[in-house]
Amino acid sequence: MAIIRVKNLLIRTYIGFNEDELRNKQDVVINMTIKADVDNAIANDDVENSYNYKTITKKVIVLVQEGKFKMLENLTRQILDLILKNPQVEWAKVEVDKPHALRFAESVSIELEAYREGIS
Ligand SMILES: Nc1nc2c(c(=O)[nH]1)N=C([C@H](O)[C@H](O)COP(=O)(O)OP(=O)(O)OP(=O)(O)O)CN2
């Protein structure tokens with residue numbers, strides 16, 4: 001098992017429930033920590049049959065860019081669930097930042113973590 005980190009993935013999406021937020025996209029910054037089986041990548045030095053961090057990142061981009069989310073918690077959970085669908089993943093943690101969400105704060109973030117179902 002290895003820890004894979006995808007850092008500061010910047011995506012524009014609909015996030016929030018205020019009137020202007022329902023109409024205008026905003027930036028979110030996503031950090032993903034993924035505990036995955038990397039034995040094949042080490043043994044064979046080949047992406048074939050290995051956990052591919054590009055594949056999951058592209059899926060997250062599509063989910064976030066094409067979705068509409070009122071609550072930051074819901075967006076964070078949907079990303080986490082997507083990552084945990086892959087049987088090569090044992091555990092994952094996702095933090096989603098919403099810069100300038102609050103007038104007097106630089107950013108607000110939600111962080112969620114979970115094991116894949118069947119793993120404790
Ligand atoms: N637990 C959560 N609380 C809030 C969320 C959320 O996703 N989870 N989202 C929001 C709003 O969408 C937005 O991010 C902030 O609300 P807003 O009223 O615009 O905050 P301001 O600081 O700009 O408010 P002012 O009254 O203008 O100072 C809220 N909570």
# chains A, B, ... in the order shown; residues from 1 in each chain; ligands from 1
>>> select_by_dssp(residues="chain A", states="alpha helix (DSSP H)", output="PDB file with N, CA and C atoms, in the first residue's frame")
ATOM      1  N   GLU A  19     -28.314  32.915  -3.717  1.00  0.00           N
ATOM      2  CA  GLU A  19     -28.814  33.174  -5.081  1.00  0.00           C
ATOM      3  C   GLU A  19     -27.693  33.332  -6.096  1.00  0.00           C
ATOM      4  N   ASP A  20     -26.698  34.137  -5.755  1.00  0.00           N
ATOM      5  CA  ASP A  20     -25.593  34.365  -6.706  1.00  0.00           C
ATOM      6  C   ASP A  20     -24.764  33.092  -6.905  1.00  0.00           C
ATOM      7  N   GLU A  21     -24.715  32.263  -5.858  1.00  0.00           N
ATOM      8  CA  GLU A  21     -23.942  31.013  -5.972  1.00  0.00           C
ATOM      9  C   GLU A  21     -24.654  29.975  -6.846  1.00  0.00           C
ATOM     10  N   LEU A  22     -25.977  30.072  -6.886  1.00  0.00           N
ATOM     11  CA  LEU A  22     -26.742  29.146  -7.734  1.00  0.00           C
ATOM     12  C   LEU A  22     -26.608  29.521  -9.214  1.00  0.00           C
ATOM     13  N   ARG A  23     -26.234  30.796  -9.455  1.00  0.00           N
ATOM     14  CA  ARG A  23     -26.120  31.272 -10.841  1.00  0.00           C
ATOM     15  C   ARG A  23     -24.695  31.252 -11.375  1.00  0.00           C
ATOM     16  N   ASP A  39       1.526  -2.483  -5.605  1.00  0.00           N
ATOM     17  CA  ASP A  39       2.463  -3.609  -5.800  1.00  0.00           C
ATOM     18  C   ASP A  39       2.789  -3.839  -7.274  1.00  0.00           C
ATOM     19  N   ASN A  40       1.745  -3.778  -8.124  1.00  0.00           N
ATOM     20  CA  ASN A  40       1.966  -4.030  -9.548  1.00  0.00           C
ATOM     21  C   ASN A  40       2.871  -2.967 -10.176  1.00  0.00           C
ATOM     22  N   ALA A  41       2.649  -1.713  -9.805  1.00  0.00           N
ATOM     23  CA  ALA A  41       3.467  -0.619 -10.359  1.00  0.00           C
ATOM     24  C   ALA A  41       4.927  -0.791  -9.970  1.00  0.00           C
ATOM     25  N   ILE A  42       5.157  -1.246  -8.742  1.00  0.00           N
ATOM     26  CA  ILE A  42       6.528  -1.441  -8.269  1.00  0.00           C
ATOM     27  C   ILE A  42       7.150  -2.669  -8.930  1.00  0.00           C
ATOM     28  N   ALA A  43       6.386  -3.751  -8.968  1.00  0.00           N
ATOM     29  CA  ALA A  43       6.940  -5.012  -9.484  1.00  0.00           C
ATOM     30  C   ALA A  43       7.187  -4.952 -10.994  1.00  0.00           C
ATOM     31  N   ASN A  44       6.245  -4.334 -11.717  1.00  0.00           N
ATOM     32  CA  ASN A  44       6.319  -4.384 -13.188  1.00  0.00           C
ATOM     33  C   ASN A  44       6.704  -3.055 -13.839  1.00  0.00           C
ATOM     34  N   TYR A  53      -3.348   7.328 -11.050  1.00  0.00           N
ATOM     35  CA  TYR A  53      -3.867   8.546 -10.411  1.00  0.00           C
ATOM     36  C   TYR A  53      -4.404   9.544 -11.416  1.00  0.00           C
ATOM     37  N   LYS A  54      -4.003   9.416 -12.681  1.00  0.00           N
ATOM     38  CA  LYS A  54      -4.567  10.295 -13.710  1.00  0.00           C
ATOM     39  C   LYS A  54      -6.044   9.953 -13.954  1.00  0.00           C
ATOM     40  N   THR A  55      -6.363   8.665 -13.987  1.00  0.00           N
ATOM     41  CA  THR A  55      -7.737   8.224 -14.262  1.00  0.00           C
ATOM     42  C   THR A  55      -8.706   8.774 -13.213  1.00  0.00           C
ATOM     43  N   ILE A  56      -8.353   8.642 -11.937  1.00  0.00           N
ATOM     44  CA  ILE A  56      -9.279   9.115 -10.901  1.00  0.00           C
ATOM     45  C   ILE A  56      -9.364  10.649 -10.923  1.00  0.00           C
ATOM     46  N   THR A  57      -8.256  11.304 -11.210  1.00  0.00           N
ATOM     47  CA  THR A  57      -8.286  12.774 -11.242  1.00  0.00           C
ATOM     48  C   THR A  57      -9.221  13.267 -12.348  1.00  0.00           C
ATOM     49  N   LYS A  58      -9.152  12.632 -13.519  1.00  0.00           N
ATOM     50  CA  LYS A  58     -10.048  13.028 -14.635  1.00  0.00           C
ATOM     51  C   LYS A  58     -11.516  12.785 -14.256  1.00  0.00           C
ATOM     52  N   LYS A  59     -11.801  11.685 -13.571  1.00  0.00           N
ATOM     53  CA  LYS A  59     -13.183  11.398 -13.154  1.00  0.00           C
ATOM     54  C   LYS A  59     -13.681  12.457 -12.162  1.00  0.00           C
ATOM     55  N   VAL A  60     -12.801  12.851 -11.254  1.00  0.00           N
ATOM     56  CA  VAL A  60     -13.177  13.876 -10.271  1.00  0.00           C
ATOM     57  C   VAL A  60     -13.452  15.203 -10.984  1.00  0.00           C
ATOM     58  N   ILE A  61     -12.617  15.545 -11.959  1.00  0.00           N
ATOM     59  CA  ILE A  61     -12.814  16.801 -12.699  1.00  0.00           C
ATOM     60  C   ILE A  61     -14.192  16.806 -13.366  1.00  0.00           C
ATOM     61  N   VAL A  62     -14.565  15.705 -14.012  1.00  0.00           N
ATOM     62  CA  VAL A  62     -15.879  15.625 -14.684  1.00  0.00           C
ATOM     63  C   VAL A  62     -17.011  15.754 -13.660  1.00  0.00           C
ATOM     64  N   LEU A  63     -16.909  14.978 -12.555  1.00  0.00           N
ATOM     65  CA  LEU A  63     -17.943  15.030 -11.517  1.00  0.00           C
ATOM     66  C   LEU A  63     -18.156  16.455 -11.006  1.00  0.00           C
ATOM     67  N   VAL A  64     -17.054  17.137 -10.701  1.00  0.00           N
ATOM     68  CA  VAL A  64     -17.159  18.458 -10.068  1.00  0.00           C
ATOM     69  C   VAL A  64     -17.578  19.521 -11.083  1.00  0.00           C
ATOM     70  N   GLN A  65     -16.942  19.493 -12.264  1.00  0.00           N
ATOM     71  CA  GLN A  65     -17.233  20.510 -13.286  1.00  0.00           C
ATOM     72  C   GLN A  65     -18.675  20.434 -13.770  1.00  0.00           C
ATOM     73  N   GLU A  66     -19.214  19.244 -13.861  1.00  0.00           N
ATOM     74  CA  GLU A  66     -20.542  19.074 -14.443  1.00  0.00           C
ATOM     75  C   GLU A  66     -21.650  19.028 -13.395  1.00  0.00           C
ATOM     76  N   LEU A  72     -21.055  22.084   0.731  1.00  0.00           N
ATOM     77  CA  LEU A  72     -19.668  21.649   0.542  1.00  0.00           C
ATOM     78  C   LEU A  72     -19.480  20.207   1.014  1.00  0.00           C
ATOM     79  N   GLU A  73     -20.222  19.835   2.054  1.00  0.00           N
ATOM     80  CA  GLU A  73     -20.153  18.464   2.582  1.00  0.00           C
ATOM     81  C   GLU A  73     -20.574  17.443   1.523  1.00  0.00           C
ATOM     82  N   ASN A  74     -21.648  17.766   0.798  1.00  0.00           N
ATOM     83  CA  ASN A  74     -22.164  16.859  -0.227  1.00  0.00           C
ATOM     84  C   ASN A  74     -21.148  16.690  -1.358  1.00  0.00           C
ATOM     85  N   LEU A  75     -20.570  17.789  -1.809  1.00  0.00           N
ATOM     86  CA  LEU A  75     -19.544  17.722  -2.858  1.00  0.00           C
ATOM     87  C   LEU A  75     -18.364  16.862  -2.396  1.00  0.00           C
ATOM     88  N   THR A  76     -17.915  17.080  -1.165  1.00  0.00           N
ATOM     89  CA  THR A  76     -16.760  16.342  -0.638  1.00  0.00           C
ATOM     90  C   THR A  76     -17.064  14.846  -0.572  1.00  0.00           C
ATOM     91  N   ARG A  77     -18.265  14.499  -0.107  1.00  0.00           N
ATOM     92  CA  ARG A  77     -18.648  13.086   0.020  1.00  0.00           C
ATOM     93  C   ARG A  77     -18.739  12.407  -1.351  1.00  0.00           C
ATOM     94  N   GLN A  78     -19.260  13.129  -2.343  1.00  0.00           N
ATOM     95  CA  GLN A  78     -19.373  12.528  -3.683  1.00  0.00           C
ATOM     96  C   GLN A  78     -17.997  12.218  -4.275  1.00  0.00           C
ATOM     97  N   ILE A  79     -17.034  13.088  -4.027  1.00  0.00           N
ATOM     98  CA  ILE A  79     -15.662  12.825  -4.508  1.00  0.00           C
ATOM     99  C   ILE A  79     -15.095  11.603  -3.792  1.00  0.00           C
ATOM    100  N   LEU A  80     -15.292  11.571  -2.462  1.00  0.00           N
ATOM    101  CA  LEU A  80     -14.779  10.444  -1.673  1.00  0.00           C
ATOM    102  C   LEU A  80     -15.384   9.128  -2.156  1.00  0.00           C
ATOM    103  N   ASP A  81     -16.686   9.100  -2.385  1.00  0.00           N
ATOM    104  CA  ASP A  81     -17.359   7.871  -2.849  1.00  0.00           C
ATOM    105  C   ASP A  81     -16.820   7.423  -4.201  1.00  0.00           C
ATOM    106  N   LEU A  82     -16.542   8.371  -5.074  1.00  0.00           N
ATOM    107  CA  LEU A  82     -15.996   8.046  -6.398  1.00  0.00           C
ATOM    108  C   LEU A  82     -14.621   7.374  -6.258  1.00  0.00           C
ATOM    109  N   ILE A  83     -13.786   7.929  -5.403  1.00  0.00           N
ATOM    110  CA  ILE A  83     -12.445   7.352  -5.200  1.00  0.00           C
ATOM    111  C   ILE A  83     -12.550   5.936  -4.636  1.00  0.00           C
ATOM    112  N   LEU A  84     -13.493   5.744  -3.701  1.00  0.00           N
ATOM    113  CA  LEU A  84     -13.596   4.460  -2.994  1.00  0.00           C
ATOM    114  C   LEU A  84     -14.245   3.354  -3.822  1.00  0.00           C
TER     115      LEU A  84
END
>>> residues_near_ligand(ligand="ligand 1", cutoff="6 Å", atoms="only C-alpha atoms and all ligand atoms", output="PyMOL selection string")
chain A and resi 16-18+71-72+101-103
>>> closest_residue(among="A:Lys35, A:Gly67, A:Lys98, A:Asp27", to="Glu113 in chain A", atoms="only C-alpha atoms")
A:Lys35
>>> atom_distance(atom1="CA of Asp45 in chain A", atom2="CA of Lys85 in chain A")
24.0 Å
>>> residues_around(residues="Met1 in chain A", least_positions_apart="5", cutoff="7 Å", atoms="only C-alpha atoms", output="list of chain:residue names")
A:Lys35, A:Ala36, A:Asp37, A:Val38
>>> atom_distance(atom1="CA of Ala114 in chain A", atom2="CA of Lys93 in chain A")
6.7 Å
>>> atom_distance(atom1="CA of Asn49 in chain A", atom2="CA of Ile11 in chain A")
28.1 Å
